[in-house]
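Asker: Pasting a structure here, questions to come.
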Amino acid sequence: MNDTIESKKKFKFNMSFYYQSTIAYFVFFILYVIIRGEFVEDSFTLITKDPIIYFFGLIVIISVISLFYNLYKSRYLYIDETGIEFANRNGSKKINIADIESIKLTRERKRLPNKAFRIIRIKLKNRRRVLLIRPYDYENDELLANRFIEIKEKLEKKNV
């Protein structure tokens, strides 16, 4: 178990939500255009004065722009023995393990075992606000959560 966690140090930002939403919005847009259009004597005419078509088109365009923006940013999280690094195309920010005061993970509830709501709270020594990370936002979310549990155990041993 520890070998697989050690080999997976880079956690890429999960883009599946952006892909799925863009595809779903586009499909709904096409279905609405087909339903709203008129078939007259083997020809299809589109009703362009319908504001809902413009609204759906705007949603599709915004979704595509956000998809390409997040693809361009190419965010990832890198964890090693010395710290945690948040990186994207433009640069990175490294947090040393020595600068971490505490790490808290929300528990998984037996009634609602949805992992999308799991949050990791990192309290830094030199920062007032807590740093929040959702493991579900990254690929291999279970390995990421296990990695943070290991760091939390190291911190607890060091503080005792």
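The chains in the structure tokens are called A, B, ... from first to last as shown; in each chain the residues are counted from 1, and the ligands are counted from 1 in the order shown.
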Env of Lys73 (chain A): 9 Å cut, atoms = only C-alpha atoms, seq-sep filter 2 positions within chain, self excluded. Answer as a PDB file with C-alpha atoms, in the first residue's frame.
Answerer:
ATOM      1  CA  PHE A  68     -10.588  25.370 -22.472  1.00  0.00           C
ATOM      2  CA  TYR A  69      -9.542  27.750 -19.684  1.00  0.00           C
ATOM      3  CA  ASN A  70      -9.127  24.888 -17.214  1.00  0.00           C
ATOM      4  CA  LEU A  71      -7.326  22.797 -19.816  1.00  0.00           C
ATOM      5  CA  ARG A  75      -3.470  22.476 -12.514  1.00  0.00           C
ATOM      6  CA  ASN A  88      -0.338  25.308 -12.751  1.00  0.00           C
ATOM      7  CA  ARG A  89       0.971  26.455 -16.119  1.00  0.00           C
ATOM      8  CA  ASN A  90       2.071  29.847 -14.788  1.00  0.00           C
TER       9      ASN A  90
END
Asker: Find the spatial neighbours of Leu144 (chain A), counting only C-alpha atoms, within a cut-off of 12 Å - ignore same-chain residues fewer than 3 positions away - and output them as an mmCIF file with C-alpha atoms, in the first residue's frame.
Answerer:
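Result saved to result.cif:
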data_model
loop_
_atom_site.group_PDB
_atom_site.id
_atom_site.type_symbol
_atom_site.label_atom_id
_atom_site.label_comp_id
_atom_site.auth_asym_id
_atom_site.auth_seq_id
_atom_site.Cartn_x
_atom_site.Cartn_y
_atom_site.Cartn_z
ATOM 1 C CA THR A 4 1.649 2.714 -4.477
ATOM 2 C CA ILE A 5 1.237 5.937 -2.529
ATOM 3 C CA GLU A 6 4.930 6.741 -2.871
ATOM 4 C CA SER A 7 4.831 6.174 -6.622
ATOM 5 C CA LYS A 8 1.827 8.483 -7.097
ATOM 6 C CA LYS A 9 3.067 11.907 -6.064
ATOM 7 C CA LYS A 10 1.476 14.041 -8.778
ATOM 8 C CA PHE A 11 -2.294 14.508 -8.671
ATOM 9 C CA LYS A 12 -3.792 16.127 -11.749
ATOM 10 C CA PHE A 13 -6.913 18.292 -11.515
ATOM 11 C CA TYR A 76 -1.994 19.743 -10.377
ATOM 12 C CA LEU A 77 -1.027 18.975 -6.807
ATOM 13 C CA TYR A 78 2.408 17.558 -6.058
ATOM 14 C CA ILE A 79 3.123 15.930 -2.695
ATOM 15 C CA ASP A 80 6.546 14.765 -1.572
ATOM 16 C CA ILE A 84 2.828 20.155 -0.812
ATOM 17 C CA LEU A 105 -10.085 15.429 7.280
ATOM 18 C CA ARG A 118 -14.970 15.167 1.684
ATOM 19 C CA ILE A 119 -12.761 18.131 2.611
ATOM 20 C CA ILE A 120 -9.197 18.408 3.862
ATOM 21 C CA ILE A 133 -8.719 20.939 -0.496
ATOM 22 C CA ARG A 134 -11.368 18.673 -1.936
ATOM 23 C CA PRO A 135 -9.736 15.366 -2.916
ATOM 24 C CA TYR A 136 -12.589 14.682 -5.338
ATOM 25 C CA ASP A 137 -11.333 17.592 -7.467
ATOM 26 C CA TYR A 138 -8.182 15.612 -8.288
ATOM 27 C CA GLU A 139 -7.606 12.320 -10.061
ATOM 28 C CA ASN A 140 -6.856 9.381 -7.726
ATOM 29 C CA ASP A 141 -8.753 11.022 -4.873
ATOM 30 C CA ARG A 147 -1.303 10.770 1.378
ATOM 31 C CA PHE A 148 -2.760 13.546 3.556
ATOM 32 C CA ILE A 149 -3.533 11.007 6.283
ATOM 33 C CA GLU A 150 0.152 9.982 6.236
ATOM 34 C CA ILE A 151 1.236 13.621 6.522
#
Asker: Figure out the distance between CA of Lys152 (chain A) and CA of Glu81 (chain A), please, to one decimal in Å.
Answerer: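 Between these atoms lies a distance of 12.3 Å.
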Asker: Report, in Å with one decimal, the straight-line distance from CA of Thr45 (chain A) to CA of Leu58 (chain A).
Answerer: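 According to the coordinates, CA of Thr45 (chain A) and CA of Leu58 (chain A) are separated by 20.7 Å.
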Asker: Report the residues of region 31-72 of chain A whose backbone DSSP state falls under helix (DSSP H, G or I), written as a PyMOL selection string.
Answerer: chain A and resi 31-36+51-72
Asker: With only C-alpha atoms as the atoms that count, which of A:Tyr72, A:Ile62, A:Tyr19, A:Lys123 lies nearest to Ile97 (chain A)?
Answerer: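 Closest residue, counting only C-alpha atoms: A:Lys123.
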Asker: Between CA of Gly83 (chain A) and CA of Arg107 (chain A), what distance in Å does the model show, to one decimal?
Answerer: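 Taking CA of Gly83 (chain A) as the start and CA of Arg107 (chain A) as the end point, the length is 23.4 Å.
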Asker: From the list A:Lys94, A:Thr106, A:Leu31, A:Phe26, which residue is nearest Gly57 (chain A) when using only C-alpha atoms?
Answerer: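 Answer, going by the shortest atom-to-atom distance: A:Phe26.
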Asker: Leaving out Ile95 (chain A) and any residue of its chain fewer than 5 positions from it, which residues lie within 9 Å of it when counting only C-alpha atoms, given as a list in words?
Answerer: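 That gives Thr82, Gly83, Ile84, Glu85, Phe86, Ile100 and Leu124 of chain A.
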Asker: Enumerate the residues of region 42-99 of chain A with a DSSP assignment of strand (DSSP E or B), computed from the backbone, and present them as a list in words.
Answerer: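 For region 42-99 of chain A, the strand (DSSP E or B) set is Ser43, Phe44, Thr45, Tyr76, Leu77, Tyr78, Ile79, Gly83, Ile84, Glu85, Phe86, Ala87, Ser92, Lys93, Lys94, Ile95 and Asn96 of chain A.
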